[in-house]
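Okay, so here's the structure we're looking at.
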Amino acid sequence: MNFQPGIESYLTVTVDILSIIGVFFIVRKDYKGYGLLFLLAAVTGNILCYAFVKLSFYSFPYLIFPGISNMPIETISVFFPFLVIFSVRYSPREWVHKIGFYWVIVHLGMTAETLANQFTDTIRYNWAWDFWDSYTWWWIYLLLYEFIGGLIVRDEARKPLAAADLRQGSWGYYLLHFILITTIFAGGLYLGLAAERADVL
């Protein structure tokens with residue numbers, strides 16, 4: 001099953017527009033803190049992506065502006081920084097809940113990336129890159145900026161999820177576990193099918 005031709009355009013533009021809207025609503029809470037965090041995350045994201053593309057770890061067959069770069073600069077410059085400032089604003093104070101919060105974000109992000117890699121031309125893994133490489137770098141990137149965000153964003157500009165909403169029996173607890181169990185099952189199925197295909201080949 002493949003997406004219809006042109007789905008890459010709709011996906012890319014939709015992600016970019018929603019990210020810009022999200023950035024606007026969060027940055028206005030603390031222009032200096034979130035603005036600086038956004039810029040740092042955008043620069044880092046582009047540098048990492050450029051390095052990985054130059055090393056042929058992955059590529060981007062479809063680009064909205066192919067004449068400018070061989071990677072989607074516009075998406076990397078808004079989507080990943082948006083995830084960073086969103087995560088910093090809403091991540092719980094306690095690390096026991098913070099890890100679960102980021103776990104959900106990483107799993108949702110990896111689910112979207114895996115679907116894009118399998119069914120669209122927005123990204124393509126190459127010879128030295130796989131699911132686990134992306135998974136690892138999602139964690140590194142987000143946790144690095146969780147730490148940096150804690151240094152440059154004012155506490156009063158953050159809105160951490162309440163611990164009570166994440167404890168056992170709460171709505172957050174069930175939502176978090178539903179997402180994790182569903183994505184872990186889907187990820188295991190994907191990796192199993194990928195291994196089966198590799199054996200056949």
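Ordering of the structure tokens sets the chain letters (A, B, ...), residue numbers begin anew at 1 in every chain, and ligands are numbered from 1 in the order given.
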Neighbouring residues of Ile181 in chain A were defined as those with any atom within 12 Å, considering only C-alpha atoms; residues of the same chain fewer than 4 positions away were excluded. Please report them as a PDB file with all heavy atoms, in the first residue's frame.
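Ended up saving to result22.pdb:
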ATOM      1  N   TRP A 103       9.377   9.768  26.357  1.00  0.00           N
ATOM      2  CA  TRP A 103       9.228   8.450  25.743  1.00  0.00           C
ATOM      3  C   TRP A 103       8.078   8.462  24.746  1.00  0.00           C
ATOM      4  O   TRP A 103       8.179   7.943  23.628  1.00  0.00           O
ATOM      5  CB  TRP A 103       8.973   7.410  26.840  1.00  0.00           C
ATOM      6  CG  TRP A 103       9.324   6.003  26.478  1.00  0.00           C
ATOM      7  CD1 TRP A 103       9.827   5.535  25.298  1.00  0.00           C
ATOM      8  CD2 TRP A 103       9.186   4.862  27.337  1.00  0.00           C
ATOM      9  NE1 TRP A 103      10.010   4.175  25.359  1.00  0.00           N
ATOM     10  CE2 TRP A 103       9.629   3.735  26.600  1.00  0.00           C
ATOM     11  CE3 TRP A 103       8.745   4.686  28.644  1.00  0.00           C
ATOM     12  CZ2 TRP A 103       9.628   2.446  27.132  1.00  0.00           C
ATOM     13  CZ3 TRP A 103       8.743   3.406  29.173  1.00  0.00           C
ATOM     14  CH2 TRP A 103       9.191   2.298  28.422  1.00  0.00           C
ATOM     15  N   VAL A 104       6.974   9.077  25.144  1.00  0.00           N
ATOM     16  CA  VAL A 104       5.813   9.182  24.259  1.00  0.00           C
ATOM     17  C   VAL A 104       6.147  10.029  23.037  1.00  0.00           C
ATOM     18  O   VAL A 104       5.813   9.660  21.899  1.00  0.00           O
ATOM     19  CB  VAL A 104       4.617   9.783  25.018  1.00  0.00           C
ATOM     20  CG1 VAL A 104       3.533  10.246  24.039  1.00  0.00           C
ATOM     21  CG2 VAL A 104       4.033   8.769  25.995  1.00  0.00           C
ATOM     22  N   HIS A 107       8.405   8.072  20.678  1.00  0.00           N
ATOM     23  CA  HIS A 107       7.697   6.985  20.011  1.00  0.00           C
ATOM     24  C   HIS A 107       6.744   7.502  18.939  1.00  0.00           C
ATOM     25  O   HIS A 107       6.640   6.901  17.853  1.00  0.00           O
ATOM     26  CB  HIS A 107       6.938   6.143  21.032  1.00  0.00           C
ATOM     27  CG  HIS A 107       7.803   5.114  21.681  1.00  0.00           C
ATOM     28  ND1 HIS A 107       7.368   3.834  21.947  1.00  0.00           N
ATOM     29  CD2 HIS A 107       9.093   5.166  22.102  1.00  0.00           C
ATOM     30  CE1 HIS A 107       8.362   3.139  22.508  1.00  0.00           C
ATOM     31  NE2 HIS A 107       9.398   3.937  22.618  1.00  0.00           N
ATOM     32  N   LEU A 108       6.056   8.594  19.212  1.00  0.00           N
ATOM     33  CA  LEU A 108       5.174   9.171  18.199  1.00  0.00           C
ATOM     34  C   LEU A 108       5.996   9.694  17.026  1.00  0.00           C
ATOM     35  O   LEU A 108       5.612   9.521  15.852  1.00  0.00           O
ATOM     36  CB  LEU A 108       4.330  10.292  18.810  1.00  0.00           C
ATOM     37  CG  LEU A 108       3.243   9.861  19.798  1.00  0.00           C
ATOM     38  CD1 LEU A 108       2.560  11.084  20.403  1.00  0.00           C
ATOM     39  CD2 LEU A 108       2.215   8.957  19.120  1.00  0.00           C
ATOM     40  N   TYR A 174      -3.061   6.547  31.855  1.00  0.00           N
ATOM     41  CA  TYR A 174      -3.645   5.618  30.888  1.00  0.00           C
ATOM     42  C   TYR A 174      -3.331   6.034  29.455  1.00  0.00           C
ATOM     43  O   TYR A 174      -3.066   5.176  28.597  1.00  0.00           O
ATOM     44  CB  TYR A 174      -5.151   5.521  31.102  1.00  0.00           C
ATOM     45  CG  TYR A 174      -5.520   4.810  32.384  1.00  0.00           C
ATOM     46  CD1 TYR A 174      -6.176   5.471  33.416  1.00  0.00           C
ATOM     47  CD2 TYR A 174      -5.184   3.468  32.560  1.00  0.00           C
ATOM     48  CE1 TYR A 174      -6.496   4.814  34.592  1.00  0.00           C
ATOM     49  CE2 TYR A 174      -5.498   2.801  33.743  1.00  0.00           C
ATOM     50  CZ  TYR A 174      -6.152   3.488  34.753  1.00  0.00           C
ATOM     51  OH  TYR A 174      -6.459   2.833  35.919  1.00  0.00           O
ATOM     52  N   LEU A 175      -3.350   7.337  29.194  1.00  0.00           N
ATOM     53  CA  LEU A 175      -3.027   7.807  27.845  1.00  0.00           C
ATOM     54  C   LEU A 175      -1.578   7.490  27.494  1.00  0.00           C
ATOM     55  O   LEU A 175      -1.282   6.984  26.398  1.00  0.00           O
ATOM     56  CB  LEU A 175      -3.277   9.315  27.736  1.00  0.00           C
ATOM     57  CG  LEU A 175      -2.925   9.955  26.392  1.00  0.00           C
ATOM     58  CD1 LEU A 175      -3.761   9.349  25.265  1.00  0.00           C
ATOM     59  CD2 LEU A 175      -3.135  11.473  26.451  1.00  0.00           C
ATOM     60  N   LEU A 176      -0.668   7.774  28.429  1.00  0.00           N
ATOM     61  CA  LEU A 176       0.748   7.505  28.213  1.00  0.00           C
ATOM     62  C   LEU A 176       0.979   6.027  27.927  1.00  0.00           C
ATOM     63  O   LEU A 176       1.681   5.668  26.975  1.00  0.00           O
ATOM     64  CB  LEU A 176       1.549   7.962  29.434  1.00  0.00           C
ATOM     65  CG  LEU A 176       3.068   7.823  29.403  1.00  0.00           C
ATOM     66  CD1 LEU A 176       3.708   8.939  30.237  1.00  0.00           C
ATOM     67  CD2 LEU A 176       3.522   6.472  29.952  1.00  0.00           C
ATOM     68  N   HIS A 177       0.386   5.157  28.737  1.00  0.00           N
ATOM     69  CA  HIS A 177       0.597   3.724  28.555  1.00  0.00           C
ATOM     70  C   HIS A 177      -0.072   3.196  27.293  1.00  0.00           C
ATOM     71  O   HIS A 177       0.457   2.280  26.646  1.00  0.00           O
ATOM     72  CB  HIS A 177       0.117   2.954  29.790  1.00  0.00           C
ATOM     73  CG  HIS A 177       1.080   3.007  30.927  1.00  0.00           C
ATOM     74  ND1 HIS A 177       1.197   4.111  31.742  1.00  0.00           N
ATOM     75  CD2 HIS A 177       2.016   2.108  31.357  1.00  0.00           C
ATOM     76  CE1 HIS A 177       2.134   3.887  32.648  1.00  0.00           C
ATOM     77  NE2 HIS A 177       2.653   2.690  32.427  1.00  0.00           N
ATOM     78  N   PHE A 185       4.263  -2.147  20.243  1.00  0.00           N
ATOM     79  CA  PHE A 185       3.752  -3.281  19.464  1.00  0.00           C
ATOM     80  C   PHE A 185       3.974  -3.040  17.974  1.00  0.00           C
ATOM     81  O   PHE A 185       4.446  -3.930  17.246  1.00  0.00           O
ATOM     82  CB  PHE A 185       2.270  -3.493  19.745  1.00  0.00           C
ATOM     83  CG  PHE A 185       1.634  -4.544  18.880  1.00  0.00           C
ATOM     84  CD1 PHE A 185       1.791  -5.890  19.168  1.00  0.00           C
ATOM     85  CD2 PHE A 185       0.889  -4.183  17.752  1.00  0.00           C
ATOM     86  CE1 PHE A 185       1.220  -6.869  18.359  1.00  0.00           C
ATOM     87  CE2 PHE A 185       0.325  -5.150  16.941  1.00  0.00           C
ATOM     88  CZ  PHE A 185       0.485  -6.494  17.243  1.00  0.00           C
ATOM     89  N   ALA A 186       3.640  -1.822  17.506  1.00  0.00           N
ATOM     90  CA  ALA A 186       3.804  -1.498  16.088  1.00  0.00           C
ATOM     91  C   ALA A 186       5.275  -1.526  15.690  1.00  0.00           C
ATOM     92  O   ALA A 186       5.635  -2.017  14.613  1.00  0.00           O
ATOM     93  CB  ALA A 186       3.197  -0.124  15.787  1.00  0.00           C
ATOM     94  N   GLY A 187       6.144  -1.001  16.573  1.00  0.00           N
ATOM     95  CA  GLY A 187       7.570  -1.013  16.289  1.00  0.00           C
ATOM     96  C   GLY A 187       8.127  -2.425  16.229  1.00  0.00           C
ATOM     97  O   GLY A 187       8.941  -2.751  15.357  1.00  0.00           O
ATOM     98  N   GLY A 188       7.683  -3.278  17.142  1.00  0.00           N
ATOM     99  CA  GLY A 188       8.131  -4.666  17.133  1.00  0.00           C
ATOM    100  C   GLY A 188       7.678  -5.387  15.868  1.00  0.00           C
ATOM    101  O   GLY A 188       8.436  -6.165  15.277  1.00  0.00           O
TER     102      GLY A 188
END
Item to check | In range 4-172 of chain A, DSSP strand (DSSP E or B) residues written as a VMD selection string | outcome: chain A and resid 58 to 59 124 to 125
Item to check | Distance in Å - CA of Leu55 in chain A versus CA of Trp127 in chain A | outcome: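 Going from CA of Leu55 in chain A over to CA of Trp127 in chain A, I get 10.0 Å.
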Select from range 90-141 of chain A every residue with an atom at most 7 Å from any atom of range 57-75 of chain A, then for each give the shortest pair of atoms and their distance in Å to one decimal, using only C-alpha atoms, rows by chain and rising number, as a Markdown table.
| residue | atom | partner | partner_atom | distance |
| --- | --- | --- | --- | --- |
| A:Asp121 | CA | A:Pro61 | CA | 5.4 |
| A:Thr122 | CA | A:Tyr62 | CA | 5.2 |
| A:Ile123 | CA | A:Phe60 | CA | 4.5 |
| A:Arg124 | CA | A:Ser59 | CA | 5.3 |
| A:Tyr125 | CA | A:Tyr58 | CA | 4.4 |
| A:Asn126 | CA | A:Tyr58 | CA | 4.8 |
| A:Trp127 | CA | A:Phe57 | CA | 6.4 |
| A:Ala128 | CA | A:Phe57 | CA | 5.3 |
| A:Trp129 | CA | A:Phe57 | CA | 5.2 |
Next on the checklist: Between A:Ser134, A:Gly35, A:Arg28, A:Thr111, which residue has the minimum interatomic distance to Phe52 in chain A, considering only C-alpha atoms?
Outcome noted: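 Counting only C-alpha atoms, the residue closest to Phe52 in chain A is A:Ser134.
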Checklist entry - When distances are computed from only C-alpha atoms, which of A:Ile99, A:Ile85, A:Ala163, A:Met110 shows the smallest separation from Lys29 in chain A? => result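 Looking only at the distances to Lys29 in chain A, the closest residue turns out to be A:Ile85.
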Item to check | 8 Å contact set for Gly45 in chain A, only C-alpha atoms, chain neighbours under 2 positions out, as number ranges by chain | outcome: A: 41-43, 47-49, 76-77, 80-81
Checklist outcome for this item: The distance between CA of Tyr10 in chain A and CA of Ala116 in chain A is 12.5 Å
Item to check | Those in range 81-170 of chain A with helix (DSSP H, G or I) from DSSP, as a ChimeraX atom specification | outcome: /A:81-90,95-119,131-152,155-157,163-165
Next on the checklist: Would you pick out the contacts of Gly109 in chain A at 9 Å or less, using only C-alpha atoms, so that residues sharing its chain but fewer than 5 positions from it are not included, and give the list as a list in words?
Outcome noted: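 The neighbour list is Val104, Thr114, Tyr135 and Trp138 of chain A.
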Checklist entry - What does the distance between CA of Asp165 in chain A and CA of Phe86 in chain A come to in Å, to one decimal place? => result 17.9 Å
Next on the checklist: Just want the 8 Å neighbourhood of Val88 in chain A, counted on only C-alpha atoms, with same-chain residues fewer than 4 positions away dropped. Output as a PyMOL selection string.
Outcome noted: chain A and resi 84+145-146+149-150+158
